[in-house]
Every structure is written in C-alpha cells, then in structure tokens.
$ cat final.pdb   # PDB, C-alpha atoms
ATOM      1  CA  SER A 255     147.177  76.943 116.978
ATOM      2  CA  GLU A 256     143.463  77.086 116.171
ATOM      3  CA  VAL A 257     142.804  78.599 119.618
ATOM      4  CA  ASP A 258     145.422  81.324 119.070
ATOM      5  CA  ARG A 259     143.923  82.199 115.677
ATOM      6  CA  SER A 260     140.468  82.345 117.253
ATOM      7  CA  MET A 261     141.698  84.655 120.022
ATOM      8  CA  ARG A 262     143.332  86.972 117.478
ATOM      9  CA  ALA A 263     140.090  87.119 115.510
ATOM     10  CA  ILE A 264     138.130  88.023 118.645
ATOM     11  CA  LYS A 265     140.728  90.626 119.606
ATOM     12  CA  HIS A 266     140.372  92.440 116.279
ATOM     13  CA  VAL A 267     136.610  92.141 115.869
ATOM     14  CA  CYS A 268     136.059  95.875 116.600
ATOM     15  CA  LEU A 269     138.430  96.843 113.804
ATOM     16  CA  GLN A 270     136.690  94.466 111.418
ATOM     17  CA  LEU A 271     133.286  95.863 112.359
ATOM     18  CA  LEU A 272     134.653  99.404 111.983
ATOM     19  CA  GLU A 273     135.441  98.639 108.338
ATOM     20  CA  ARG A 274     131.784  97.727 107.814
ATOM     21  CA  VAL A 275     130.466 100.783 109.669
ATOM     22  CA  ASN A 276     132.736 103.077 107.643
ATOM     23  CA  LEU A 277     131.044 101.899 104.443
ATOM     24  CA  CYS A 278     128.065 104.030 105.539
ATOM     25  CA  ASN A 279     130.208 107.139 106.112
ATOM     26  CA  THR A 280     131.517 107.825 102.628
ATOM     27  CA  ALA A 281     130.098 111.259 101.769
ATOM     28  CA  GLU A 282     132.565 114.055 101.060
ATOM     29  CA  SER A 283     131.263 117.469 102.078
ATOM     30  CA  GLU A 284     132.783 119.376  99.165
ATOM     31  CA  ARG A 285     130.719 117.440  96.604
ATOM     32  CA  TRP A 286     127.356 118.947  97.483
ATOM     33  CA  LEU A 287     125.408 122.135  96.824
ATOM     34  CA  PRO A 288     123.234 123.152  99.794
ATOM     35  CA  LEU A 289     119.467 123.063  99.339
ATOM     36  CA  ILE A 290     118.080 126.096 101.166
ATOM     37  CA  VAL A 291     114.372 126.736 101.783
ATOM     38  CA  ASP A 292     113.030 129.544 103.959
ATOM     39  CA  GLN A 293     116.637 130.464 104.803
ATOM     40  CA  CYS A 294     117.164 126.963 106.293
ATOM     41  CA  THR A 295     119.529 124.322 104.912
ATOM     42  CA  VAL A 296     117.377 121.240 104.388
ATOM     43  CA  GLY A 297     119.479 119.157 101.996
ATOM     44  CA  ALA A 298     122.553 118.800  99.799
ATOM     45  CA  VAL A 299     122.505 118.083  96.068
ATOM     46  CA  SER A 300     125.189 117.064  93.589
ATOM     47  CA  ALA A 301     125.808 119.389  90.644
ATOM     48  CA  GLY A 302     124.460 116.772  88.235
ATOM     49  CA  ASP A 303     121.260 116.286  90.197
ATOM     50  CA  ALA A 304     120.846 120.049  90.599
ATOM     51  CA  ALA A 305     120.705 120.280  86.805
ATOM     52  CA  LEU A 306     118.064 117.526  86.720
ATOM     53  CA  LEU A 307     115.950 119.356  89.313
ATOM     54  CA  CYS A 308     116.002 122.505  87.205
ATOM     55  CA  GLU A 309     114.764 120.817  84.015
ATOM     56  CA  GLU A 310     111.171 121.441  85.137
ATOM     57  CA  LYS A 311     110.884 125.233  85.006
ATOM     58  CA  GLY A 312     109.588 127.285  87.900
ATOM     59  CA  VAL A 313     110.329 124.841  90.719
ATOM     60  CA  PHE A 314     114.034 124.685  91.582
ATOM     61  CA  GLU A 315     116.821 127.050  90.599
ATOM     62  CA  VAL A 316     120.561 127.237  91.191
ATOM     63  CA  ALA A 317     122.432 130.457  91.883
ATOM     64  CA  GLU A 318     125.841 131.002  93.473
ATOM     65  CA  ASP A 319     126.238 127.256  94.125
ATOM     66  CA  VAL A 320     123.012 127.083  96.144
ATOM     67  CA  VAL A 321     119.846 125.160  95.203
ATOM     68  CA  ARG A 322     116.612 126.962  96.095
ATOM     69  CA  LEU A 323     112.929 126.909  95.333
ATOM     70  CA  SER A 324     111.737 129.520  92.868
ATOM     71  CA  ALA A 325     110.709 132.860  94.335
ATOM     72  CA  ALA A 326     107.042 132.021  93.724
ATOM     73  CA  LEU A 327     107.345 128.747  95.653
ATOM     74  CA  GLU A 328     109.290 130.389  98.461
ATOM     75  CA  ALA A 329     106.159 132.460  99.025
ATOM     76  CA  ALA A 330     103.793 129.498  98.640
ATOM     77  CA  ASP A 331     102.305 127.128 101.220
ATOM     78  CA  VAL A 332     103.453 123.562 101.899
ATOM     79  CA  ALA A 333     100.755 121.950  99.745
ATOM     80  CA  THR A 334     101.628 124.098  96.721
ATOM     81  CA  ARG A 335     105.350 123.379  97.138
ATOM     82  CA  THR A 336     104.679 119.645  97.531
ATOM     83  CA  SER A 337     102.602 119.572  94.354
ATOM     84  CA  ALA A 338     105.282 121.439  92.381
ATOM     85  CA  VAL A 339     108.099 119.210  93.619
ATOM     86  CA  ALA A 340     105.976 116.156  92.739
ATOM     87  CA  ARG A 341     105.950 117.327  89.103
ATOM     88  CA  VAL A 342     109.750 117.313  89.155
ATOM     89  CA  THR A 343     110.139 113.931  90.838
ATOM     90  CA  GLY A 344     107.394 112.421  88.660
ATOM     91  CA  ALA A 345     109.231 113.508  85.513
ATOM     92  CA  LEU A 346     112.484 112.113  86.882
ATOM     93  CA  ARG A 347     110.711 108.842  87.624
ATOM     94  CA  GLU A 348     109.572 108.685  84.003
ATOM     95  CA  SER A 349     113.124 109.322  82.775
ATOM     96  CA  GLY A 350     114.574 106.678  85.097
ATOM     97  CA  ALA A 351     116.534 109.149  87.241
ATOM     98  CA  VAL A 352     114.463 108.192  90.302
ATOM     99  CA  ARG A 353     113.897 104.476  90.828
ATOM    100  CA  GLY A 354     112.160 102.326  93.415
ATOM    101  CA  TRP A 355     109.042 104.505  93.670
ATOM    102  CA  ARG A 356     107.074 103.826  96.880
ATOM    103  CA  ASP A 357     104.086 106.210  96.856
ATOM    104  CA  GLU A 358     105.122 107.282 100.354
ATOM    105  CA  LEU A 359     105.751 110.892 101.353
ATOM    106  CA  VAL A 360     108.437 112.046 103.766
ATOM    107  CA  PRO A 361     108.949 115.578 105.099
ATOM    108  CA  VAL A 362     111.753 117.887 104.037
ATOM    109  CA  CYS A 363     112.620 119.917 107.111
ATOM    110  CA  ALA A 364     115.496 121.540 108.998
ATOM    111  CA  GLY A 365     115.447 118.927 111.773
ATOM    112  CA  PHE A 366     113.468 115.999 113.101
ATOM    113  CA  GLY A 367     109.991 117.004 114.253
ATOM    114  CA  GLN A 368     110.304 120.497 112.812
ATOM    115  CA  GLU A 369     107.811 121.980 110.403
ATOM    116  CA  ALA A 370     107.960 120.466 106.928
ATOM    117  CA  LYS A 371     109.012 122.849 104.159
ATOM    118  CA  PHE A 372     107.365 120.449 101.696
ATOM    119  CA  LEU A 373     106.801 116.702 101.307
ATOM    120  CA  VAL A 374     108.600 114.490  98.808
ATOM    121  CA  GLU A 375     108.296 110.932  97.547
ATOM    122  CA  ARG A 376     110.481 108.692  99.701
ATOM    123  CA  ALA A 377     112.382 107.280  96.717
ATOM    124  CA  ALA A 378     113.439 110.827  95.792
ATOM    125  CA  TYR A 379     114.630 112.153  99.137
ATOM    126  CA  PRO A 380     118.283 111.147  98.500
ATOM    127  CA  LEU A 381     118.069 113.193  95.290
ATOM    128  CA  LEU A 382     117.623 116.244  97.540
ATOM    129  CA  GLY A 383     120.092 115.036 100.175
ATOM    130  CA  THR A 384     117.543 115.778 102.847
ATOM    131  CA  ALA A 385     117.732 114.037 106.221
ATOM    132  CA  GLY A 386     116.035 110.664 106.474
ATOM    133  CA  TYR A 387     114.729 109.079 109.652
ATOM    134  CA  GLY A 388     114.171 105.401 110.308
ATOM    135  CA  VAL A 389     113.490 102.970 113.128
ATOM    136  CA  HIS A 390     115.319  99.689 113.765
ATOM    137  CA  MET A 391     114.272  97.239 116.442
ATOM    138  CA  ASN A 392     116.577  94.663 117.993
ATOM    139  CA  GLY A 393     114.352  91.698 118.825
ATOM    140  CA  PHE A 394     116.336  89.493 121.191
ATOM    141  CA  VAL A 395     115.915  86.460 123.422
ATOM    142  CA  ARG A 396     117.750  85.748 126.677
ATOM    143  CA  ALA A 397     118.050  82.136 127.867
ATOM    144  CA  ASP A 398     120.682  80.245 129.865
ATOM    145  CA  GLU A 399     122.822  83.409 130.181
ATOM    146  CA  THR A 400     122.969  83.633 126.382
ATOM    147  CA  THR A 401     121.575  86.468 124.266
ATOM    148  CA  ARG A 402     120.392  85.700 120.746
ATOM    149  CA  LEU A 403     119.136  88.109 118.098
ATOM    150  CA  TRP A 404     116.302  87.656 115.646
ATOM    151  CA  VAL A 405     117.448  88.452 112.091
ATOM    152  CA  GLY A 406     115.413  88.695 108.895
ATOM    153  CA  ARG A 407     116.457  88.021 105.309
ATOM    154  CA  ARG A 408     115.094  90.591 102.886
ATOM    155  CA  ALA A 409     112.971  89.216 100.072
ATOM    156  CA  ALA A 410     114.668  88.799  96.709
ATOM    157  CA  SER A 411     111.968  91.070  95.253
ATOM    158  CA  LYS A 412     112.925  94.076  97.432
ATOM    159  CA  GLN A 413     113.836  97.175  95.437
ATOM    160  CA  THR A 414     116.868  97.829  97.648
ATOM    161  CA  TRP A 415     119.370  95.367  99.140
ATOM    162  CA  PRO A 416     117.451  92.235  98.045
ATOM    163  CA  GLY A 417     118.382  89.022  99.851
ATOM    164  CA  MET A 418     120.525  90.705 102.492
ATOM    165  CA  LEU A 419     120.200  90.220 106.253
ATOM    166  CA  ASP A 420     118.220  92.814 108.180
ATOM    167  CA  HIS A 421     116.599  93.521 111.512
ATOM    168  CA  LEU A 422     113.485  91.754 112.759
ATOM    169  CA  VAL A 423     111.687  95.103 112.360
ATOM    170  CA  ALA A 424     112.822  98.264 110.566
ATOM    171  CA  GLY A 425     111.257 101.024 108.512
ATOM    172  CA  HIS A 426     111.308 104.640 107.421
ATOM    173  CA  VAL A 427     109.418 107.169 109.550
ATOM    174  CA  SER A 428     106.725 108.432 107.199
ATOM    175  CA  HIS A 429     105.040 111.806 107.397
ATOM    176  CA  GLY A 430     102.516 111.940 110.230
ATOM    177  CA  LEU A 431     103.969 109.063 112.261
ATOM    178  CA  THR A 432     106.257 109.120 115.304
ATOM    179  CA  PRO A 433     109.179 106.680 115.672
ATOM    180  CA  THR A 434     107.262 104.668 118.277
ATOM    181  CA  GLU A 435     104.156 104.497 116.058
ATOM    182  CA  THR A 436     106.383 103.388 113.184
ATOM    183  CA  VAL A 437     107.854 100.549 115.259
ATOM    184  CA  ILE A 438     104.378  99.295 116.161
ATOM    185  CA  LYS A 439     103.187  99.550 112.546
ATOM    186  CA  GLU A 440     106.263  97.850 111.056
ATOM    187  CA  ALA A 441     106.292  95.136 113.744
ATOM    188  CA  GLY A 442     102.836  94.043 112.686
ATOM    189  CA  GLU A 443     103.480  94.338 108.952
ATOM    190  CA  GLU A 444     106.905  92.690 108.831
ATOM    191  CA  ALA A 445     106.934  90.130 111.633
ATOM    192  CA  GLY A 446     103.350  89.594 112.783
ATOM    193  CA  ILE A 447     104.054  91.101 116.212
ATOM    194  CA  ALA A 448     100.875  92.200 117.995
ATOM    195  CA  PRO A 449     100.611  95.895 118.950
ATOM    196  CA  ASP A 450     100.478  95.141 122.673
ATOM    197  CA  VAL A 451     103.821  93.313 122.377
ATOM    198  CA  ALA A 452     105.420  95.888 120.055
ATOM    199  CA  ARG A 453     104.561  98.668 122.513
ATOM    200  CA  LEU A 454     107.000  97.045 124.971
ATOM    201  CA  ALA A 455     109.927  97.958 122.694
ATOM    202  CA  ARG A 456     112.216 100.370 124.573
ATOM    203  CA  PRO A 457     113.771 103.379 122.834
ATOM    204  CA  VAL A 458     117.514 103.108 123.491
ATOM    205  CA  GLY A 459     119.089 105.876 121.412
ATOM    206  CA  ALA A 460     119.975 106.615 117.807
ATOM    207  CA  VAL A 461     122.775 106.111 115.306
ATOM    208  CA  SER A 462     123.493 108.196 112.216
ATOM    209  CA  TYR A 463     125.616 108.199 109.101
ATOM    210  CA  ARG A 464     126.444 110.364 106.111
ATOM    211  CA  GLY A 465     127.090 108.305 103.027
ATOM    212  CA  VAL A 466     126.004 107.821  99.434
ATOM    213  CA  ASP A 467     123.441 105.416  97.998
ATOM    214  CA  GLU A 468     123.701 103.185  94.926
ATOM    215  CA  GLU A 469     123.035 106.224  92.721
ATOM    216  CA  GLY A 470     125.798 108.292  94.350
ATOM    217  CA  ARG A 471     123.265 110.476  96.180
ATOM    218  CA  LEU A 472     123.566 111.686  99.747
ATOM    219  CA  LYS A 473     122.141 109.495 102.512
ATOM    220  CA  ASN A 474     122.152 111.630 105.639
ATOM    221  CA  ASP A 475     120.138 109.345 107.878
ATOM    222  CA  SER A 476     119.380 108.950 111.568
ATOM    223  CA  LEU A 477     118.047 105.643 112.871
ATOM    224  CA  PHE A 478     116.099 105.480 116.128
ATOM    225  CA  CYS A 479     117.044 102.275 117.960
ATOM    226  CA  PHE A 480     114.625 100.145 119.957
ATOM    227  CA  ASP A 481     115.160  96.951 121.970
ATOM    228  CA  LEU A 482     112.427  94.354 122.474
ATOM    229  CA  GLU A 483     113.114  91.321 124.634
ATOM    230  CA  LEU A 484     110.990  88.443 123.374
ATOM    231  CA  PRO A 485     109.991  85.152 125.012
ATOM    232  CA  ALA A 486     111.906  82.014 124.067
ATOM    233  CA  ASP A 487     108.853  80.540 122.321
ATOM    234  CA  PHE A 488     108.226  83.586 120.125
ATOM    235  CA  VAL A 489     108.360  82.903 116.371
ATOM    236  CA  PRO A 490     107.990  85.829 113.934
ATOM    237  CA  GLU A 491     105.811  85.447 110.853
ATOM    238  CA  PRO A 492     106.531  87.164 107.514
ATOM    239  CA  VAL A 493     103.376  89.122 106.726
ATOM    240  CA  ASP A 494     103.890  91.714 103.984
ATOM    241  CA  GLY A 495     106.235  89.711 101.740
ATOM    242  CA  GLU A 496     109.244  91.955 102.408
ATOM    243  CA  VAL A 497     111.041  89.282 104.464
ATOM    244  CA  GLU A 498     111.590  85.766 103.171
ATOM    245  CA  ALA A 499     112.878  84.142 106.385
ATOM    246  CA  PHE A 500     113.753  84.804 110.031
ATOM    247  CA  TYR A 501     116.634  83.351 112.049
ATOM    248  CA  LEU A 502     117.448  83.363 115.766
ATOM    249  CA  TRP A 503     121.238  83.486 116.059
ATOM    250  CA  ASP A 504     123.839  83.693 118.787
ATOM    251  CA  LEU A 505     125.558  87.075 118.800
ATOM    252  CA  ASP A 506     128.863  85.570 117.642
ATOM    253  CA  VAL A 507     127.111  84.276 114.527
ATOM    254  CA  VAL A 508     125.600  87.714 113.922
ATOM    255  CA  VAL A 509     129.048  89.316 114.256
ATOM    256  CA  ASP A 510     130.584  86.843 111.784
ATOM    257  CA  LYS A 511     127.883  87.558 109.217
ATOM    258  CA  MET A 512     128.264  91.328 109.637
ATOM    259  CA  ILE A 513     132.010  91.069 109.069
ATOM    260  CA  ALA A 514     131.361  88.877 106.026
ATOM    261  CA  GLY A 515     129.193  91.631 104.507
ATOM    262  CA  GLU A 516     125.919  89.696 104.587
ATOM    263  CA  PHE A 517     123.959  92.435 106.372
ATOM    264  CA  LYS A 518     122.366  95.505 104.805
ATOM    265  CA  PRO A 519     125.013  98.160 105.542
ATOM    266  CA  ASN A 520     123.103 100.518 107.852
ATOM    267  CA  VAL A 521     121.810  97.614 109.948
ATOM    268  CA  VAL A 522     125.398  97.028 111.080
ATOM    269  CA  LEU A 523     125.430 100.360 112.959
ATOM    270  CA  VAL A 524     122.338  99.468 114.981
ATOM    271  CA  VAL A 525     123.524  95.944 115.774
ATOM    272  CA  VAL A 526     126.968  97.182 116.811
ATOM    273  CA  ASP A 527     125.278  99.709 119.111
ATOM    274  CA  PHE A 528     123.313  96.785 120.599
ATOM    275  CA  LEU A 529     126.523  94.779 121.093
ATOM    276  CA  VAL A 530     128.191  97.720 122.846
ATOM    277  CA  ARG A 531     125.240  98.385 125.152
ATOM    278  CA  HIS A 532     124.888  94.707 126.062
ATOM    279  CA  GLY A 533     128.596  94.255 126.789
ATOM    280  CA  HIS A 534     129.309  91.872 123.929
ATOM    281  CA  LEU A 535     132.197  94.088 122.815
ATOM    282  CA  ALA A 536     134.850  95.079 125.341
ATOM    283  CA  PRO A 537     136.715  98.395 125.679
ATOM    284  CA  GLU A 538     139.994  96.449 125.827
ATOM    285  CA  GLN A 539     139.558  95.408 122.198
ATOM    286  CA  PRO A 540     141.564  97.447 119.640
ATOM    287  CA  GLY A 541     139.401  99.947 117.784
ATOM    288  CA  TYR A 542     136.632 100.011 120.401
ATOM    289  CA  LEU A 543     136.515 103.813 120.817
ATOM    290  CA  GLU A 544     136.809 104.423 117.083
ATOM    291  CA  LEU A 545     133.960 101.991 116.492
ATOM    292  CA  VAL A 546     131.698 103.642 119.067
ATOM    293  CA  ALA A 547     132.430 107.101 117.625
ATOM    294  CA  ALA A 548     131.713 105.936 114.067
ATOM    295  CA  LEU A 549     128.123 105.046 114.961
ATOM    296  CA  ARG A 550     127.070 108.722 114.994
ATOM    297  CA  ARG A 551     128.793 110.447 112.077
ATOM    298  CA  GLY A 552     125.683 111.850 110.434
ATOM    299  CA  ASP A 553     124.366 115.376 110.576
ATOM    300  CA  SER A 554     121.799 114.435 113.236
ATOM    301  CA  ARG A 555     119.227 117.107 114.046
TER
END

$ encode --input "final.pdb" --output "structure tokens"
Amino acid sequence: SEVDRSMRAIKHVCLQLLERVNLCNTAESERWLPLIVDQCTVGAVSAGDAALLCEEKGVFEVAEDVVRLSAALEAADVATRTSAVARVTGALRESGAVRGWRDELVPVCAGFGQEAKFLVERAAYPLLGTAGYGVHMNGFVRADETTRLWVGRRAASKQTWPGMLDHLVAGHVSHGLTPTETVIKEAGEEAGIAPDVARLARPVGAVSYRGVDEEGRLKNDSLFCFDLELPADFVPEPVDGEVEAFYLWDLDVVVDKMIAGEFKPNVVLVVVDFLVRHGHLAPEQPGYLELVAALRRGDSR
C-alpha cells in the first residue's frame, strides 16, 4: 500500500542520506604528495598539480615525493612567502589552472587558529590541499510543535554550485576573522540579518570531510555549525546577489530534496547534523550510526 511504501522510505532515510554524505568523502590518501612547511604538514598535492606549482622557479620544489617551499622561502617571513606564492597562483590563474578567483586570502597552517605559514588566494587553496574552514548556520523556526528550516537557492551566477540549495547563511572563514565574526558578517551580507540578531546564533559543533572538488583537488574542510532560532514572522532578504530566493520548509521536505541531490553537497552534512541533534532522525533507523560517523571524516585540526 501507499502507507507501507511511505514507511519503508522513512525507515531507510538514514541510508539514503548516507549516500549523499559519502559524496563528500571521496579522497584516497595514496593519491597525494604532502606539502610540508617549517617541518609541518600543511597540505596534500596531486603529482600533476605539484608539477604546475614548480613551473615558477624558486617557490615550490618536489623531492622524495614531498612538496616544499624553496630553501630561501623556508627562511623567509610570512609576507615574503605570501608574495612568492601569489606569483605562482597568479600565473596559474592566467593559464586557466585556477578558476573562480575571489581576491580573498586564507591562511595555510598546521591547524585551525595556528600561525599561518603563508596566505593564499581562496580559489587556490584546494590546489595545495590545505585545510579549509567554513561556517554554516541553520536558521530555523519552531511553531505548533513543528520545526522548519530556512533554505537558500544559490544564484545562477555563482562560480561554484550555481542554482543549488544552500543554507540561509554560510561562508568561508577568511584570514583575520573568527567563525563567530564570519557568521555575523555573512548573515548581514547574504540574508539581511542584523548583527544583534546574528549574534544570537549558537555554536553547536563542527562537521568535516575529505573529498575532491570539480578539478579533482583535495577538499579537506571543517565546517563550524551554528543554530539560530528565528521568529515566525522573520523573512530573509537577499542582499549581495549570491542567493536568488529563500524558502521556509518542513524538515521532511528538506530531507526529500537532500536525497534528490538538490543541495550543495557539503550542506548535507550540516543539515544532517541538525536533524540528528533535533531528534528528527532516530537511532532505530538502519544506517543511523554509520551516518553520524560519516559527518566527521575529515582531517580536522
């Protein structure tokens, strides 16, 4: 019967979501050459990209299957290293090897909050396989014992994942900003949320993954998760042109659209974490433990 089919679908929803989460965890460790700076592993580079990095002389070099800075840059300060690496990434931008340039610097470091070894253009950090850090905020509304989630649709003009469903607020943590500062900044820019409201967002943990991007480069990312309960009469406003529409959906609708592949892949991890924490998924469902474990497969540090 229709009811029986519906119950079977609900029963196996964790396994269906696990398939989506696993799409973010596709990196094979043996593919990559470690990027080592100051005796610290700060990234992982494919053999092909290692050759590209070495085209500009005196910046990167490869020896014994390890990518390093040149001896001169190993002895240099952060500003000098950053300038030298920018010559490499700028040339690769000109050749088309690095696309989606953002004019936004992110730190290359051994772990979150640690001292930057150098800074690199955000579009190029997967080229180095260095860890990336983002924030994702679940904006939700509770009414009549029902929880609904605000969802955005990415603008068709976005350089990555155009037209796909996304969080109400999300963004990369740029150099010089904390995760909380990034949430407040992105909330204003993407959804017109005032700073005094955005500051009420609660940090609730992190998810991570180790996969490859559209260019086959390593995405070793950690996403800091925030929850913000919003009033029933709240309506977000697209501000910076990166979102073309917002929707307020029941969680079952959100789940269906995740399973259908309509969401940007890494968003699924954060929403699934939200569903687990809010009891929308049950431990009796097949695949529950595997799904929970799959939310933190990255090299988080």

$ residues_around --input "final.pdb" --residues "A:Leu307" --least-positions-apart "6" --cutoff "10 Å" --atoms "all atoms listed in the file" --output "VMD selection string"
chain A and resid 299 301 313 to 316 321 339 342 to 343 345 to 346 381 to 382

$ residues_around --input "final.pdb" --residues "stretch 468-479 of chain A" --least-positions-apart "5" --cutoff "6 Å" --atoms "only C-alpha atoms" --output "PyMOL selection string"
chain A and resi 380-381+383+385-391+457-463+552

$ closest_residue --input "final.pdb" --among "A:Gly367, A:Gly354, A:Gly344, A:Pro485" --to "A:Trp404" --atoms "only C-alpha atoms"
A:Pro485

$ atom_distance --input "final.pdb" --atom1 "atom CA of A:Leu502" --atom2 "atom CA of A:Gly406"
8.9 Å

$ resolve_selection --input "final.pdb" --expression "the PyMOL selection byres ((chain A and resi 531-533) around 12)" --output "JSON, numbers by chain"
{"A": [392, 394, 396, 400, 401, 402, 403, 458, 459, 479, 480, 481, 505, 524, 525, 526, 527, 528, 529, 530, 534, 535, 536, 537, 538, 539, 542, 546]}

$ atom_distance --input "final.pdb" --atom1 "atom CA of A:Val437" --atom2 "atom CA of A:Asp450"
11.8 Å

$ atom_distance --input "final.pdb" --atom1 "atom CA of A:Arg322" --atom2 "atom CA of A:Pro361"
16.4 Å

$ resolve_selection --input "final.pdb" --expression "the PyMOL selection byres ((chain A and resi 411) around 12)" --output "list in words"
Gly354, Arg407, Arg408, Ala409, Ala410, Lys412, Gln413, Thr414, Trp415, Pro416, Gly417, Met418, Asp494, Gly495, Glu496, Val497 and Glu498 of chain A

$ residues_around --input "final.pdb" --residues "A:Val332" --least-positions-apart "6" --cutoff "9 Å" --atoms "all atoms listed in the file" --output "PyMOL selection string"
chain A and resi 370-373

$ residues_around --input "final.pdb" --residues "A:Ala377" --least-positions-apart "2" --cutoff "8 Å" --atoms "all atoms listed in the file" --output "number ranges by chain"
A: 352-356, 375, 379-380

$ resolve_selection --input "final.pdb" --expression "the PyMOL selection byres ((chain A and resi 439-446) around 6)" --output "list in words"
Val423, Thr436, Val437, Ile438, Ile447, Ala448, Pro490, Glu491, Pro492, Val493 and Asp494 of chain A
